[in-house]
>>> print(open('data-v1.cif').read())   # mmCIF, C-alpha atoms and all ligand atoms; chains and numbers go by the auth columns
data_structure
#
loop_
_atom_site.group_PDB
_atom_site.id
_atom_site.type_symbol
_atom_site.label_atom_id
_atom_site.label_comp_id
_atom_site.label_asym_id
_atom_site.label_seq_id
_atom_site.Cartn_x
_atom_site.Cartn_y
_atom_site.Cartn_z
_atom_site.B_iso_or_equiv
_atom_site.auth_seq_id
_atom_site.auth_asym_id
ATOM 1 C CA MET A 1 0.000 0.000 0.000 0.00 13 S
ATOM 2 C CA ASN A 2 1.269 3.480 -0.869 0.00 14 S
ATOM 3 C CA LEU A 3 1.403 5.597 2.258 0.00 15 S
ATOM 4 C CA PRO A 4 0.756 9.320 1.831 0.00 16 S
ATOM 5 C CA ILE A 5 3.807 11.597 1.597 0.00 17 S
ATOM 6 C CA ILE A 6 4.111 14.199 4.312 0.00 18 S
ATOM 7 C CA GLU A 7 4.813 17.619 2.803 0.00 19 S
ATOM 8 C CA THR A 8 7.481 19.572 4.634 0.00 20 S
ATOM 9 C CA PRO A 9 6.798 23.323 4.964 0.00 21 S
ATOM 10 C CA MET A 10 9.464 25.766 3.732 0.00 22 S
ATOM 11 C CA TYR A 11 10.346 29.070 5.386 0.00 23 S
ATOM 12 C CA THR A 12 12.511 31.998 4.368 0.00 24 S
ATOM 13 C CA THR A 13 14.662 34.284 6.458 0.00 25 S
ATOM 14 C CA GLN A 14 17.367 36.870 6.006 0.00 26 S
ATOM 15 C CA LEU A 15 20.705 36.159 7.646 0.00 27 S
ATOM 16 C CA PRO A 16 21.705 39.001 10.003 0.00 28 S
ATOM 17 C CA MET A 17 25.409 39.248 9.130 0.00 29 S
ATOM 18 C CA CYS A 18 25.717 38.530 5.401 0.00 30 S
ATOM 19 C CA GLY A 19 22.196 39.737 4.535 0.00 31 S
ATOM 20 C CA ASN A 20 21.477 36.768 2.240 0.00 32 S
ATOM 21 C CA GLU A 21 17.959 35.437 2.059 0.00 33 S
ATOM 22 C CA ILE A 22 17.746 31.687 2.506 0.00 34 S
ATOM 23 C CA ARG A 23 15.071 29.000 2.506 0.00 35 S
ATOM 24 C CA TYR A 24 14.856 26.405 5.241 0.00 36 S
ATOM 25 C CA ARG A 25 12.703 23.542 6.398 0.00 37 S
ATOM 26 C CA PRO A 26 12.289 21.869 9.792 0.00 38 S
ATOM 27 C CA PHE A 27 14.509 18.906 10.491 0.00 39 S
ATOM 28 C CA LEU A 28 12.722 15.586 10.519 0.00 40 S
ATOM 29 C CA VAL A 29 12.519 13.048 13.320 0.00 41 S
ATOM 30 C CA GLY A 30 15.147 10.771 11.781 0.00 42 S
ATOM 31 C CA GLU A 31 17.515 13.718 11.283 0.00 43 S
ATOM 32 C CA GLN A 32 17.049 14.949 14.827 0.00 44 S
ATOM 33 C CA LYS A 33 17.843 11.510 16.200 0.00 45 S
ATOM 34 C CA THR A 34 21.430 11.525 14.854 0.00 46 S
ATOM 35 C CA LEU A 35 21.983 14.981 16.355 0.00 47 S
ATOM 36 C CA LEU A 36 20.696 13.844 19.743 0.00 48 S
ATOM 37 C CA ILE A 37 22.986 10.821 19.664 0.00 49 S
ATOM 38 C CA ALA A 38 25.964 13.082 18.897 0.00 50 S
ATOM 39 C CA GLN A 39 24.971 15.432 21.751 0.00 51 S
ATOM 40 C CA GLU A 40 25.120 12.528 24.191 0.00 52 S
ATOM 41 C CA GLY A 41 28.740 11.799 23.312 0.00 53 S
ATOM 42 C CA ASP A 42 31.936 13.531 24.434 0.00 54 S
ATOM 43 C CA ASP A 43 33.325 14.201 20.974 0.00 55 S
ATOM 44 C CA GLN A 44 33.004 17.976 20.577 0.00 56 S
ATOM 45 C CA GLN A 45 34.021 17.931 16.942 0.00 57 S
ATOM 46 C CA ASN A 46 31.458 15.267 16.186 0.00 58 S
ATOM 47 C CA LYS A 47 28.753 17.469 17.780 0.00 59 S
ATOM 48 C CA VAL A 48 29.751 20.455 15.672 0.00 60 S
ATOM 49 C CA GLU A 49 29.899 18.295 12.515 0.00 61 S
ATOM 50 C CA GLU A 50 26.411 16.987 13.279 0.00 62 S
ATOM 51 C CA ILE A 51 25.038 20.521 13.694 0.00 63 S
ATOM 52 C CA PHE A 52 26.625 21.534 10.376 0.00 64 S
ATOM 53 C CA ARG A 53 25.215 18.479 8.641 0.00 65 S
ATOM 54 C CA LEU A 54 21.737 19.185 9.958 0.00 66 S
ATOM 55 C CA VAL A 55 21.813 22.882 9.028 0.00 67 S
ATOM 56 C CA ASP A 56 23.153 21.953 5.603 0.00 68 S
ATOM 57 C CA ILE A 57 20.417 19.453 4.699 0.00 69 S
ATOM 58 C CA CYS A 58 17.636 21.745 5.973 0.00 70 S
ATOM 59 C CA THR A 59 18.657 24.859 4.043 0.00 71 S
ATOM 60 C CA ASP A 60 18.810 25.995 0.446 0.00 72 S
ATOM 61 C CA GLY A 61 21.220 28.464 -1.070 0.00 73 S
ATOM 62 C CA VAL A 62 23.791 28.709 1.692 0.00 74 S
ATOM 63 C CA ASP A 63 27.327 27.417 2.136 0.00 75 S
ATOM 64 C CA VAL A 64 27.032 26.433 5.776 0.00 76 S
ATOM 65 C CA ARG A 65 30.752 25.946 6.328 0.00 77 S
ATOM 66 C CA SER A 66 31.659 29.474 5.323 0.00 78 S
ATOM 67 C CA LEU A 67 28.901 31.154 7.329 0.00 79 S
ATOM 68 C CA HIS A 68 29.760 33.731 9.948 0.00 80 S
ATOM 69 C CA GLN A 69 29.303 32.128 13.354 0.00 81 S
ATOM 70 C CA THR A 70 26.515 34.582 14.257 0.00 82 S
ATOM 71 C CA ASP A 71 24.613 33.687 11.064 0.00 83 S
ATOM 72 C CA LEU A 72 25.002 30.009 11.838 0.00 84 S
ATOM 73 C CA GLU A 73 23.708 30.465 15.380 0.00 85 S
ATOM 74 C CA TYR A 74 20.782 32.515 14.100 0.00 86 S
ATOM 75 C CA LEU A 75 19.943 29.863 11.524 0.00 87 S
ATOM 76 C CA PHE A 76 20.176 27.115 14.101 0.00 88 S
ATOM 77 C CA ILE A 77 17.736 28.933 16.426 0.00 89 S
ATOM 78 C CA LYS A 78 15.321 29.435 13.503 0.00 90 S
ATOM 79 C CA LEU A 79 15.567 25.741 12.617 0.00 91 S
ATOM 80 C CA ARG A 80 15.075 24.753 16.210 0.00 92 S
ATOM 81 C CA ILE A 81 11.912 26.870 16.516 0.00 93 S
ATOM 82 C CA VAL A 82 10.216 25.364 13.448 0.00 94 S
ATOM 83 C CA SER A 83 11.398 21.842 14.240 0.00 95 S
ATOM 84 C CA VAL A 84 10.985 21.294 17.961 0.00 96 S
ATOM 85 C CA GLY A 85 9.164 24.412 19.155 0.00 97 S
ATOM 86 C CA GLU A 86 9.705 27.911 20.523 0.00 98 S
ATOM 87 C CA THR A 87 10.221 26.958 24.136 0.00 99 S
ATOM 88 C CA SER A 88 12.233 24.473 26.108 0.00 100 S
ATOM 89 C CA ASP A 89 12.010 23.633 29.819 0.00 101 S
ATOM 90 C CA VAL A 90 15.443 23.316 31.341 0.00 102 S
ATOM 91 C CA GLY A 91 16.981 23.270 34.787 0.00 103 S
ATOM 92 C CA MET A 92 18.897 26.506 35.516 0.00 104 S
ATOM 93 C CA GLU A 93 20.970 27.168 38.624 0.00 105 S
ATOM 94 C CA CYS A 94 20.179 30.280 40.653 0.00 106 S
ATOM 95 C CA ASN A 95 23.048 32.815 40.598 0.00 107 S
ATOM 96 C CA ASN A 96 22.555 33.532 44.273 0.00 108 S
ATOM 97 C CA CYS A 97 21.965 30.188 46.034 0.00 109 S
ATOM 98 C CA GLY A 98 22.773 27.600 43.365 0.00 110 S
ATOM 99 C CA GLN A 99 19.370 25.918 43.605 0.00 111 S
ATOM 100 C CA GLU A 100 18.194 24.408 40.320 0.00 112 S
ATOM 101 C CA ASN A 101 14.965 25.899 38.965 0.00 113 S
ATOM 102 C CA GLN A 102 12.829 24.633 36.094 0.00 114 S
ATOM 103 C CA VAL A 103 12.749 27.478 33.583 0.00 115 S
ATOM 104 C CA SER A 104 10.984 27.807 30.259 0.00 116 S
ATOM 105 C CA ILE A 105 13.360 29.296 27.700 0.00 117 S
ATOM 106 C CA GLU A 106 11.663 31.217 24.899 0.00 118 S
ATOM 107 C CA PHE A 107 13.817 30.968 21.798 0.00 119 S
ATOM 108 C CA GLU A 108 11.735 33.557 19.896 0.00 120 S
ATOM 109 C CA LYS A 109 13.185 36.177 22.264 0.00 121 S
ATOM 110 C CA TYR A 110 16.640 35.761 20.760 0.00 122 S
ATOM 111 C CA ASP A 111 18.678 38.923 20.467 0.00 123 S
ATOM 112 C CA PHE A 112 22.014 40.196 19.167 0.00 124 S
ATOM 113 C CA ILE A 113 24.592 41.789 21.370 0.00 125 S
ATOM 114 C CA PRO A 114 26.807 44.089 19.342 0.00 126 S
ATOM 115 C CA PRO A 115 30.544 43.957 20.101 0.00 127 S
ATOM 116 C CA GLU A 116 31.881 46.409 22.685 0.00 128 S
ATOM 117 C CA LYS A 117 33.942 47.979 19.945 0.00 129 S
ATOM 118 C CA GLU A 118 34.436 47.689 16.221 0.00 130 S
ATOM 119 C CA VAL A 119 37.699 46.031 15.239 0.00 131 S
ATOM 120 C CA ASN A 120 38.784 46.592 11.648 0.00 132 S
ATOM 121 C CA LYS A 121 39.475 43.394 9.744 0.00 133 S
ATOM 122 C CA ILE A 122 42.529 45.036 8.221 0.00 134 S
ATOM 123 C CA GLN A 123 45.225 45.398 10.877 0.00 135 S
ATOM 124 C CA LYS A 124 48.259 47.548 10.194 0.00 136 S
ATOM 125 C CA LEU A 125 51.449 45.920 11.478 0.00 137 S
ATOM 126 C CA THR A 126 54.059 48.339 10.160 0.00 138 S
ATOM 127 C CA ASP A 127 54.002 51.320 7.784 0.00 139 S
ATOM 128 C CA THR A 128 54.034 48.961 4.800 0.00 140 S
ATOM 129 C CA ILE A 129 52.723 45.608 6.073 0.00 141 S
ATOM 130 C CA SER A 130 49.083 44.907 6.982 0.00 142 S
ATOM 131 C CA VAL A 131 47.055 41.731 7.404 0.00 143 S
ATOM 132 C CA GLU A 132 43.454 41.121 6.427 0.00 144 S
ATOM 133 C CA LEU A 133 41.664 38.926 8.952 0.00 145 S
ATOM 134 C CA ARG A 134 38.913 36.371 8.748 0.00 146 S
ATOM 135 C CA LEU A 135 36.990 34.595 11.475 0.00 147 S
ATOM 136 C CA PRO A 136 37.994 30.990 11.999 0.00 148 S
ATOM 137 C CA SER A 137 35.031 28.722 11.295 0.00 149 S
ATOM 138 C CA LEU A 138 33.466 26.604 14.008 0.00 150 S
ATOM 139 C CA ILE A 139 34.828 23.506 12.296 0.00 151 S
ATOM 140 C CA GLU A 140 38.376 24.903 12.439 0.00 152 S
ATOM 141 C CA LEU A 141 37.973 25.916 16.064 0.00 153 S
ATOM 142 C CA SER A 142 36.594 22.541 17.072 0.00 154 S
ATOM 143 C CA LYS A 143 39.531 20.815 15.354 0.00 155 S
ATOM 144 C CA ILE A 144 41.969 23.028 17.293 0.00 156 S
ATOM 145 C CA ASN A 145 40.077 22.319 20.503 0.00 157 S
ATOM 146 C CA LYS A 146 40.299 18.625 19.796 0.00 158 S
ATOM 147 C CA ILE A 147 44.048 18.702 19.115 0.00 159 S
ATOM 148 C CA TYR A 148 44.743 20.591 22.347 0.00 160 S
ATOM 149 C CA ASN A 149 42.026 18.811 24.306 0.00 161 S
ATOM 150 C CA ILE A 150 40.090 21.960 25.203 0.00 162 S
ATOM 151 C CA LYS A 151 36.460 22.173 26.211 0.00 163 S
ATOM 152 C CA SER A 152 34.520 24.477 23.874 0.00 164 S
ATOM 153 C CA ASP A 153 33.383 26.843 26.635 0.00 165 S
ATOM 154 C CA ASP A 154 36.871 27.333 28.037 0.00 166 S
ATOM 155 C CA ASP A 155 37.621 31.068 27.755 0.00 167 S
ATOM 156 C CA GLU A 156 41.125 30.599 29.174 0.00 168 S
ATOM 157 C CA SER A 157 42.190 28.661 26.075 0.00 169 S
ATOM 158 C CA LEU A 158 43.585 31.807 24.416 0.00 170 S
ATOM 159 C CA GLU A 159 46.131 32.033 27.217 0.00 171 S
ATOM 160 C CA ASN A 160 47.760 28.840 25.982 0.00 172 S
ATOM 161 C CA PRO A 161 50.322 30.064 23.403 0.00 173 S
ATOM 162 C CA GLU A 162 50.053 26.946 21.228 0.00 174 S
ATOM 163 C CA VAL A 163 46.282 27.312 20.979 0.00 175 S
ATOM 164 C CA MET A 164 46.593 31.036 20.370 0.00 176 S
ATOM 165 C CA PHE A 165 49.005 30.443 17.488 0.00 177 S
ATOM 166 C CA ALA A 166 46.806 27.731 15.993 0.00 178 S
ATOM 167 C CA ILE A 167 43.845 30.128 16.008 0.00 179 S
ATOM 168 C CA LEU A 168 45.916 33.041 14.690 0.00 180 S
ATOM 169 C CA ASN A 169 47.097 30.842 11.851 0.00 181 S
ATOM 170 C CA LYS A 170 43.465 30.383 10.758 0.00 182 S
ATOM 171 C CA MET A 171 42.713 34.091 11.061 0.00 183 S
ATOM 172 C CA ILE A 172 45.099 35.544 8.502 0.00 184 S
ATOM 173 C CA ASP A 173 43.355 35.764 5.148 0.00 185 S
ATOM 174 C CA LYS A 174 45.740 38.071 3.303 0.00 186 S
ATOM 175 C CA ILE A 175 49.062 39.729 3.928 0.00 187 S
ATOM 176 C CA ILE A 176 49.421 43.130 2.314 0.00 188 S
ATOM 177 C CA ASN A 177 52.980 44.256 1.684 0.00 189 S
ATOM 178 C CA GLY A 178 52.985 47.682 0.042 0.00 190 S
ATOM 179 C CA ASP A 179 51.158 47.182 -3.272 0.00 191 S
ATOM 180 C CA GLU A 180 51.473 43.408 -3.117 0.00 192 S
ATOM 181 C CA VAL A 181 48.564 41.322 -1.787 0.00 193 S
ATOM 182 C CA ILE A 182 49.511 37.796 -0.732 0.00 194 S
ATOM 183 C CA THR A 183 46.566 35.440 -0.248 0.00 195 S
ATOM 184 C CA ARG A 184 46.356 32.103 1.550 0.00 196 S
ATOM 185 C CA ASP A 185 46.948 30.202 -1.680 0.00 197 S
ATOM 186 C CA ASP A 186 50.362 31.863 -1.914 0.00 198 S
ATOM 187 C CA PHE A 187 51.806 30.688 1.406 0.00 199 S
ATOM 188 C CA THR A 188 51.854 27.526 3.481 0.00 200 S
ATOM 189 C CA SER A 189 50.683 27.171 7.041 0.00 201 S
ATOM 190 C CA GLU A 190 54.336 26.741 8.145 0.00 202 S
ATOM 191 C CA GLU A 191 55.395 29.945 6.368 0.00 203 S
ATOM 192 C CA LEU A 192 52.537 31.742 8.067 0.00 204 S
ATOM 193 C CA ASP A 193 53.641 30.439 11.490 0.00 205 S
ATOM 194 C CA LYS A 194 57.133 31.867 10.844 0.00 206 S
ATOM 195 C CA PHE A 195 55.546 35.194 9.889 0.00 207 S
ATOM 196 C CA LEU A 196 53.420 35.187 13.065 0.00 208 S
ATOM 197 C CA GLU A 197 56.428 34.431 15.261 0.00 209 S
ATOM 198 C CA GLY A 198 58.039 37.614 13.985 0.00 210 S
ATOM 199 C CA MET A 199 55.236 39.784 15.353 0.00 211 S
ATOM 200 C CA THR A 200 55.314 41.798 18.551 0.00 212 S
ATOM 201 C CA ILE A 201 52.941 41.005 21.419 0.00 213 S
ATOM 202 C CA ASP A 202 51.018 44.206 20.617 0.00 214 S
ATOM 203 C CA MET A 203 50.424 43.118 17.031 0.00 215 S
ATOM 204 C CA LEU A 204 49.125 39.702 18.172 0.00 216 S
ATOM 205 C CA ALA A 205 46.815 41.308 20.707 0.00 217 S
ATOM 206 C CA GLY A 206 45.377 43.521 17.963 0.00 218 S
ATOM 207 C CA ILE A 207 44.622 40.481 15.816 0.00 219 S
ATOM 208 C CA LEU A 208 43.027 38.507 18.627 0.00 220 S
ATOM 209 C CA GLU A 209 40.796 41.485 19.383 0.00 221 S
ATOM 210 C CA TYR A 210 39.099 40.893 16.056 0.00 222 S
ATOM 211 C CA VAL A 211 37.865 37.449 17.057 0.00 223 S
ATOM 212 C CA GLN A 212 36.939 38.636 20.533 0.00 224 S
ATOM 213 C CA HIS A 213 34.749 41.494 19.273 0.00 225 S
ATOM 214 C CA GLN A 214 32.043 39.944 17.153 0.00 226 S
ATOM 215 C CA PRO A 215 28.273 40.278 17.556 0.00 227 S
ATOM 216 C CA LYS A 216 26.760 37.491 19.634 0.00 228 S
ATOM 217 C CA MET A 217 23.425 35.705 19.429 0.00 229 S
ATOM 218 C CA VAL A 218 21.848 35.291 22.836 0.00 230 S
ATOM 219 C CA VAL A 219 18.589 34.035 24.267 0.00 231 S
ATOM 220 C CA PRO A 220 17.573 35.836 27.473 0.00 232 S
ATOM 221 C CA CYS A 221 16.500 33.755 30.433 0.00 233 S
ATOM 222 C CA GLU A 222 14.856 35.359 33.477 0.00 234 S
ATOM 223 C CA PHE A 223 13.421 33.668 36.535 0.00 235 S
ATOM 224 C CA LYS A 224 12.729 34.231 40.204 0.00 236 S
ATOM 225 C CA CYS A 225 14.400 31.532 42.270 0.00 237 S
ATOM 226 C CA SER A 226 11.861 29.316 44.023 0.00 238 S
ATOM 227 C CA HIS A 227 14.289 28.867 46.926 0.00 239 S
ATOM 228 C CA CYS A 228 15.703 32.356 47.731 0.00 240 S
ATOM 229 C CA GLU A 229 13.473 34.557 45.499 0.00 241 S
ATOM 230 C CA HIS A 230 16.519 36.061 43.796 0.00 242 S
ATOM 231 C CA ASP A 231 15.668 37.613 40.403 0.00 243 S
ATOM 232 C CA ASN A 232 17.978 35.903 37.923 0.00 244 S
ATOM 233 C CA LYS A 233 18.730 37.487 34.562 0.00 245 S
ATOM 234 C CA MET A 234 20.932 35.374 32.318 0.00 246 S
ATOM 235 C CA LEU A 235 21.879 35.183 28.677 0.00 247 S
ATOM 236 C CA ILE A 236 22.214 31.838 26.976 0.00 248 S
ATOM 237 C CA GLU A 237 24.854 31.829 24.266 0.00 249 S
ATOM 238 C CA GLY A 238 26.850 29.337 22.211 0.00 250 S
ATOM 239 C CA LEU A 239 25.558 27.063 19.484 0.00 251 S
ATOM 240 C CA GLU A 240 25.551 23.889 21.573 0.00 252 S
ATOM 241 C CA ASN A 241 23.349 25.582 24.204 0.00 253 S
ATOM 242 C CA PHE A 242 20.696 26.496 21.638 0.00 254 S
ATOM 243 C CA PHE A 243 19.749 22.878 21.326 0.00 255 S
ATOM 244 C CA VAL A 244 18.291 21.952 24.664 0.00 256 S
HETATM 245 ZN ZN ZN B . 18.160 31.131 44.674 0.00 301 S
#
>>> encode(input="data-v1.cif", output="structure tokens", more="lines below")
Ligand SMILES: [Zn+2]
Amino acid sequence: MNLPIIETPMYTTQLPMCGNEIRYRPFLVGEQKTLLIAQEGDDQQNKVEEIFRLVDICTDGVDVRSLHQTDLEYLFIKLRIVSVGETSDVGMECNNCGQENQVSIEFEKYDFIPPEKEVNKIQKLTDTISVELRLPSLIELSKINKIYNIKSDDDESLENPEVMFAILNKMIDKIINGDEVITRDDFTSEELDKFLEGMTIDMLAGILEYVQHQPKMVVPCEFKCSHCEHDNKMLIEGLENFFV
């Protein structure tokens, strides 16, 4: 017997960073299952890969791997809303007493937090040499985290010089030397490392500022603690926390 085919609805949205309009559909039960299995595991890179795979199969007209992280997070929230609903009940710890409270998170209330300051993607190193920066993709970052065994939410990781250099290496898109523009195709990763080692601490700090000052997608979460009545105001951020 031929069973009826379930039509999947399509939606459109405009990505906040690149401005492109894209079409998307909810993910299906079978697709969600593989993501949930990945979320259960400890392999951070596998989780990120699974999120990419899911976003990729549910969207049209977008190269998921080259998306700005903020666009990817936005898209993931949109997908989540049409696939599994606008709200999620999760246990959140009170900031004051630590008691866990059941809180309903409303994903439709997502917001953008602009960076504290604008950092130009072209950084001048000397009078004649500048670099043009790019943001490392989530896939690149998760690979670095895996190599150096870092948890994704570890903000201290940039203090480890090896990690810092690995990230910096992914951030240089072009080197501008006077009138000459040298792109990534023109140099190897090892040559770039040598170039980076010749920089001053100030120059490195300027480059890292670029990655540290990007707009963020957040979902606000407010609740009064049932134990101590403290009014908690929190912001949920980070791709992996948008799937709860
Ligand atoms: Zn409390």
>>> closest_residue(input="data-v1.cif", among="S:Leu47, S:Ile93, S:Ala178, S:Cys237", to="Tyr160 in chain S", atoms="all atoms listed in the file")
S:Ala178
>>> resolve_selection(input="data-v1.cif", expression="the PyMOL selection byres (((chain S and resi 150) around 10) and not hetatm)", output="ChimeraX atom specification")
/S:57,60-61,64,77-81,84,147-149,151-156,251
>>> closest_atom_pairs(input="data-v1.cif", of="range 99-129 of chain S", to="range 229-236 of chain S", cutoff="6 Å", atoms="all atoms listed in the file", output="CSV")
residue,atom,partner,partner_atom,distance
S:Tyr122,CA,S:Val231,CA,4.4
S:Asp123,CA,S:Val230,CA,5.4
S:Phe124,CA,S:Met229,CA,4.7
>>> closest_atom_pairs(input="data-v1.cif", of="chain S", to="ligand ZN 301 (chain S)", cutoff="10 Å", atoms="all atoms listed in the file", output="CSV")
residue,atom,partner,partner_atom,distance
S:Glu105,CA,S:ZN301,ZN,7.8
S:Cys106,CA,S:ZN301,ZN,4.6
S:Asn107,CA,S:ZN301,ZN,6.6
S:Asn108,CA,S:ZN301,ZN,5.0
S:Cys109,CA,S:ZN301,ZN,4.1
S:Gly110,CA,S:ZN301,ZN,6.0
S:Gln111,CA,S:ZN301,ZN,5.5
S:Glu112,CA,S:ZN301,ZN,8.0
S:Asn113,CA,S:ZN301,ZN,8.4
S:Phe235,CA,S:ZN301,ZN,9.8
S:Lys236,CA,S:ZN301,ZN,7.7
S:Cys237,CA,S:ZN301,ZN,4.5
S:Ser238,CA,S:ZN301,ZN,6.6
S:His239,CA,S:ZN301,ZN,5.0
S:Cys240,CA,S:ZN301,ZN,4.1
S:Glu241,CA,S:ZN301,ZN,5.9
S:His242,CA,S:ZN301,ZN,5.3
S:Asp243,CA,S:ZN301,ZN,8.2
S:Asn244,CA,S:ZN301,ZN,8.3
>>> residues_around(input="data-v1.cif", residues="Gln226 in chain S", least_positions_apart="2", cutoff="10 Å", atoms="only C-alpha atoms", output="short mmCIF file (atom, residue, chain, number, x, y, z; two decimals) with C-alpha atoms, keeping the file's coordinate frame")
data_model
loop_
_atom_site.label_atom_id
_atom_site.label_comp_id
_atom_site.auth_asym_id
_atom_site.auth_seq_id
_atom_site.Cartn_x
_atom_site.Cartn_y
_atom_site.Cartn_z
CA HIS S 80 29.76 33.73 9.95
CA GLN S 81 29.30 32.13 13.35
CA THR S 82 26.52 34.58 14.26
CA ILE S 125 24.59 41.79 21.37
CA PRO S 126 26.81 44.09 19.34
CA PRO S 127 30.54 43.96 20.10
CA GLU S 128 31.88 46.41 22.68
CA LYS S 129 33.94 47.98 19.94
CA GLU S 130 34.44 47.69 16.22
CA VAL S 131 37.70 46.03 15.24
CA LEU S 147 36.99 34.60 11.48
CA GLU S 221 40.80 41.48 19.38
CA TYR S 222 39.10 40.89 16.06
CA VAL S 223 37.86 37.45 17.06
CA GLN S 224 36.94 38.64 20.53
CA LYS S 228 26.76 37.49 19.63
CA MET S 229 23.42 35.70 19.43
#
>>> residues_around(input="data-v1.cif", residues="Ser201 in chain S", least_positions_apart="6", cutoff="12 Å", atoms="all atoms listed in the file", output="MDAnalysis selection string")
chainID S and resid 177:185 195 207:208
>>> closest_residue(input="data-v1.cif", among="S:Met104, S:Lys206, S:Ser142, S:Tyr23", to="Lys186 in chain S", atoms="all atoms listed in the file")
S:Ser142
>>> atom_distance(input="data-v1.cif", atom1="CA of Pro16 in chain S", atom2="CA of Arg65 in chain S")
27.0 Å
>>> decode(input="data-v1.cif", residues="range 43-71 of chain S", atoms="C-alpha atoms", output="mmCIF file, in the first residue's frame")
data_model
loop_
_atom_site.group_PDB
_atom_site.id
_atom_site.type_symbol
_atom_site.label_atom_id
_atom_site.label_comp_id
_atom_site.auth_asym_id
_atom_site.auth_seq_id
_atom_site.Cartn_x
_atom_site.Cartn_y
_atom_site.Cartn_z
ATOM 1 C CA GLU S 43 17.515 13.718 11.283
ATOM 2 C CA GLN S 44 17.049 14.949 14.827
ATOM 3 C CA LYS S 45 17.843 11.510 16.200
ATOM 4 C CA THR S 46 21.430 11.525 14.854
ATOM 5 C CA LEU S 47 21.983 14.981 16.355
ATOM 6 C CA LEU S 48 20.696 13.844 19.743
ATOM 7 C CA ILE S 49 22.986 10.821 19.664
ATOM 8 C CA ALA S 50 25.964 13.082 18.897
ATOM 9 C CA GLN S 51 24.971 15.432 21.751
ATOM 10 C CA GLU S 52 25.120 12.528 24.191
ATOM 11 C CA GLY S 53 28.740 11.799 23.312
ATOM 12 C CA ASP S 54 31.936 13.531 24.434
ATOM 13 C CA ASP S 55 33.325 14.201 20.974
ATOM 14 C CA GLN S 56 33.004 17.976 20.577
ATOM 15 C CA GLN S 57 34.021 17.931 16.942
ATOM 16 C CA ASN S 58 31.458 15.267 16.186
ATOM 17 C CA LYS S 59 28.753 17.469 17.780
ATOM 18 C CA VAL S 60 29.751 20.455 15.672
ATOM 19 C CA GLU S 61 29.899 18.295 12.515
ATOM 20 C CA GLU S 62 26.411 16.987 13.279
ATOM 21 C CA ILE S 63 25.038 20.521 13.694
ATOM 22 C CA PHE S 64 26.625 21.534 10.376
ATOM 23 C CA ARG S 65 25.215 18.479 8.641
ATOM 24 C CA LEU S 66 21.737 19.185 9.958
ATOM 25 C CA VAL S 67 21.813 22.882 9.028
ATOM 26 C CA ASP S 68 23.153 21.953 5.603
ATOM 27 C CA ILE S 69 20.417 19.453 4.699
ATOM 28 C CA CYS S 70 17.636 21.745 5.973
ATOM 29 C CA THR S 71 18.657 24.859 4.043
#
